[in-house]
Amino acid sequence: LSTLPQDHHIPMVAYFVNPLAAAYQSLGYIQEARDILQTMLADRTAGEDEIFNVNDLCAKDKGTYSLLVQGSVVTGDWGSAVEALGEMNKAGLYPNPRHCNIWSEISERQTRPRARGSWKKKQYDIWADSVR
């Protein structure tokens with residue numbers, strides 16, 4: 001991944017890195033997704049209301065911080081989720097209602113007892129667990 005800019009001329013900006021990290025998260029590779037976001041993108045130096053800062057071109061954006069919080073919520077690591085949310089706030093970015101809804105749905109999904117589902121859903125869950 002570190003040679004992506006040289007080999008394929010793809011800049012390391014959140015626009016390209018976030019979907020890659022989201023794909024890793026959806027496959028169950030939470031730690032790898034977190035590592036991608038932390039190593040490939042720099043921390044922001046300016047808030048959302050401040051003027052454009054050239055140093056923030058390859059920095060984390062609101063979606064990146066949201067993915068970091070979401071990865072922590074998926075694993076049930078609430079301390080890390082609060083820490084990622086604190087980093088988001090320190091960067092001058094704040095979650096929107098959509099992010100909050102996603103995080104609450106994920107946390108509810110983990111605490112709710114499993115309902116009887118279709119055999120296709122059970123088969124998919126078994127496959128998804130084996131991939132993780």
# chains A, B, ... in the order shown; residues from 1 in each chain; ligands from 1
$ closest_atom_pairs --of "range 85-112 of chain A" --to "range 31-47 of chain A" --cutoff "8 Å" --atoms "only C-alpha atoms" --output "Markdown table"
| residue | atom | partner | partner_atom | distance |
| --- | --- | --- | --- | --- |
| A:Ala91 | CA | A:Gly47 | CA | 5.6 |
| A:Gly92 | CA | A:Gly47 | CA | 4.0 |
| A:Leu93 | CA | A:Gly47 | CA | 6.4 |
$ write_last_selection --atoms "C-alpha atoms" --output "CSV table (one decimal), in the first residue's frame"
chain,number,residue,atom,x,y,z
A,91,ALA,CA,-9.2,18.3,14.8
A,92,GLY,CA,-12.2,20.6,14.7
A,93,LEU,CA,-14.6,18.0,13.1
$ residues_around --residues "Trp103 in chain A" --least-positions-apart "5" --cutoff "8 Å" --atoms "only C-alpha atoms" --output "list of chain:residue names"
A:Val69, A:Gln70, A:Val73
$ select_by_dssp --residues "chain A" --states "alpha helix (DSSP H)" --output "MDAnalysis selection string"
chainID A and resid 4:8 14:26 30:40 62:75 78:90 97:111 119:131
$ atom_distance --atom1 "CA of Asp77 in chain A" --atom2 "CA of Val131 in chain A"
21.0 Å
$ closest_residue --among "A:Gly79, A:Gly71, A:Pro11, A:Pro5" --to "Ile30 in chain A" --atoms "only C-alpha atoms"
A:Gly71
$ closest_residue --among "A:Ala14, A:Leu68, A:Ala22, A:Cys100" --to "Glu87 in chain A" --atoms "only C-alpha atoms"
A:Leu68
$ decode --residues "range 62-76 of chain A" --atoms "all heavy atoms" --output "short mmCIF file (atom, residue, chain, number, x, y, z; two decimals), in the first residue's frame"
data_model
loop_
_atom_site.label_atom_id
_atom_site.label_comp_id
_atom_site.auth_asym_id
_atom_site.auth_seq_id
_atom_site.Cartn_x
_atom_site.Cartn_y
_atom_site.Cartn_z
N LYS A 62 -13.52 13.91 8.00
CA LYS A 62 -14.60 13.48 8.89
C LYS A 62 -14.91 12.00 8.70
O LYS A 62 -15.15 11.26 9.65
CB LYS A 62 -15.85 14.32 8.61
CG LYS A 62 -16.94 14.11 9.64
CD LYS A 62 -18.19 14.90 9.30
CE LYS A 62 -17.97 16.35 9.61
NZ LYS A 62 -19.23 17.13 9.54
N GLY A 63 -14.87 11.53 7.46
CA GLY A 63 -15.12 10.11 7.18
C GLY A 63 -14.07 9.20 7.78
O GLY A 63 -14.37 8.11 8.25
N THR A 64 -12.83 9.64 7.77
CA THR A 64 -11.74 8.85 8.33
C THR A 64 -11.92 8.66 9.83
O THR A 64 -11.82 7.55 10.35
CB THR A 64 -10.39 9.53 8.07
OG1 THR A 64 -10.25 9.78 6.68
CG2 THR A 64 -9.24 8.68 8.56
N TYR A 65 -12.20 9.77 10.52
CA TYR A 65 -12.42 9.67 11.96
C TYR A 65 -13.65 8.81 12.26
O TYR A 65 -13.68 8.06 13.22
CB TYR A 65 -12.55 11.06 12.58
CG TYR A 65 -11.25 11.82 12.64
CD1 TYR A 65 -11.01 12.92 11.84
CD2 TYR A 65 -10.24 11.42 13.52
CE1 TYR A 65 -9.81 13.61 11.90
CE2 TYR A 65 -9.03 12.11 13.59
CZ TYR A 65 -8.83 13.20 12.77
OH TYR A 65 -7.64 13.88 12.84
N SER A 66 -14.68 8.93 11.43
CA SER A 66 -15.88 8.13 11.62
C SER A 66 -15.56 6.64 11.48
O SER A 66 -16.07 5.81 12.25
CB SER A 66 -16.95 8.53 10.60
OG SER A 66 -18.06 7.69 10.71
N LEU A 67 -14.72 6.28 10.50
CA LEU A 67 -14.32 4.88 10.34
C LEU A 67 -13.53 4.38 11.55
O LEU A 67 -13.67 3.23 11.96
CB LEU A 67 -13.50 4.71 9.07
CG LEU A 67 -14.28 4.69 7.76
CD1 LEU A 67 -13.32 4.76 6.59
CD2 LEU A 67 -15.15 3.46 7.68
N LEU A 68 -12.69 5.24 12.12
CA LEU A 68 -11.93 4.85 13.31
C LEU A 68 -12.87 4.58 14.49
O LEU A 68 -12.70 3.59 15.22
CB LEU A 68 -10.91 5.93 13.66
CG LEU A 68 -9.72 6.07 12.72
CD1 LEU A 68 -8.92 7.32 13.03
CD2 LEU A 68 -8.84 4.83 12.80
N VAL A 69 -13.86 5.44 14.67
CA VAL A 69 -14.83 5.24 15.75
C VAL A 69 -15.64 3.98 15.48
O VAL A 69 -15.86 3.15 16.37
CB VAL A 69 -15.75 6.47 15.91
CG1 VAL A 69 -16.85 6.20 16.92
CG2 VAL A 69 -14.96 7.69 16.32
N GLN A 70 -16.08 3.81 14.24
CA GLN A 70 -16.90 2.65 13.88
C GLN A 70 -16.14 1.35 14.11
O GLN A 70 -16.70 0.38 14.61
CB GLN A 70 -17.32 2.76 12.42
CG GLN A 70 -18.20 1.63 11.95
CD GLN A 70 -18.65 1.82 10.52
OE1 GLN A 70 -18.67 2.94 10.03
NE2 GLN A 70 -19.00 0.75 9.86
N GLY A 71 -14.86 1.31 13.75
CA GLY A 71 -14.06 0.11 13.98
C GLY A 71 -13.95 -0.23 15.45
O GLY A 71 -13.98 -1.39 15.83
N SER A 72 -13.85 0.79 16.28
CA SER A 72 -13.78 0.54 17.73
C SER A 72 -15.12 0.06 18.27
O SER A 72 -15.16 -0.80 19.15
CB SER A 72 -13.35 1.82 18.44
OG SER A 72 -12.08 2.22 18.00
N VAL A 73 -16.21 0.61 17.75
CA VAL A 73 -17.55 0.19 18.21
C VAL A 73 -17.80 -1.25 17.80
O VAL A 73 -18.37 -2.03 18.58
CB VAL A 73 -18.63 1.14 17.65
CG1 VAL A 73 -20.02 0.60 17.90
CG2 VAL A 73 -18.50 2.53 18.26
N VAL A 74 -17.38 -1.63 16.61
CA VAL A 74 -17.59 -3.00 16.13
C VAL A 74 -16.91 -4.00 17.06
O VAL A 74 -17.47 -5.05 17.37
CB VAL A 74 -17.07 -3.15 14.68
CG1 VAL A 74 -16.94 -4.61 14.30
CG2 VAL A 74 -17.99 -2.44 13.72
N THR A 75 -15.71 -3.68 17.51
CA THR A 75 -14.99 -4.60 18.38
C THR A 75 -15.41 -4.48 19.84
O THR A 75 -14.99 -5.28 20.66
CB THR A 75 -13.46 -4.36 18.29
OG1 THR A 75 -13.18 -3.01 18.66
CG2 THR A 75 -12.96 -4.64 16.89
N GLY A 76 -16.22 -3.48 20.16
CA GLY A 76 -16.66 -3.29 21.54
C GLY A 76 -15.63 -2.58 22.40
O GLY A 76 -15.74 -2.57 23.62
#
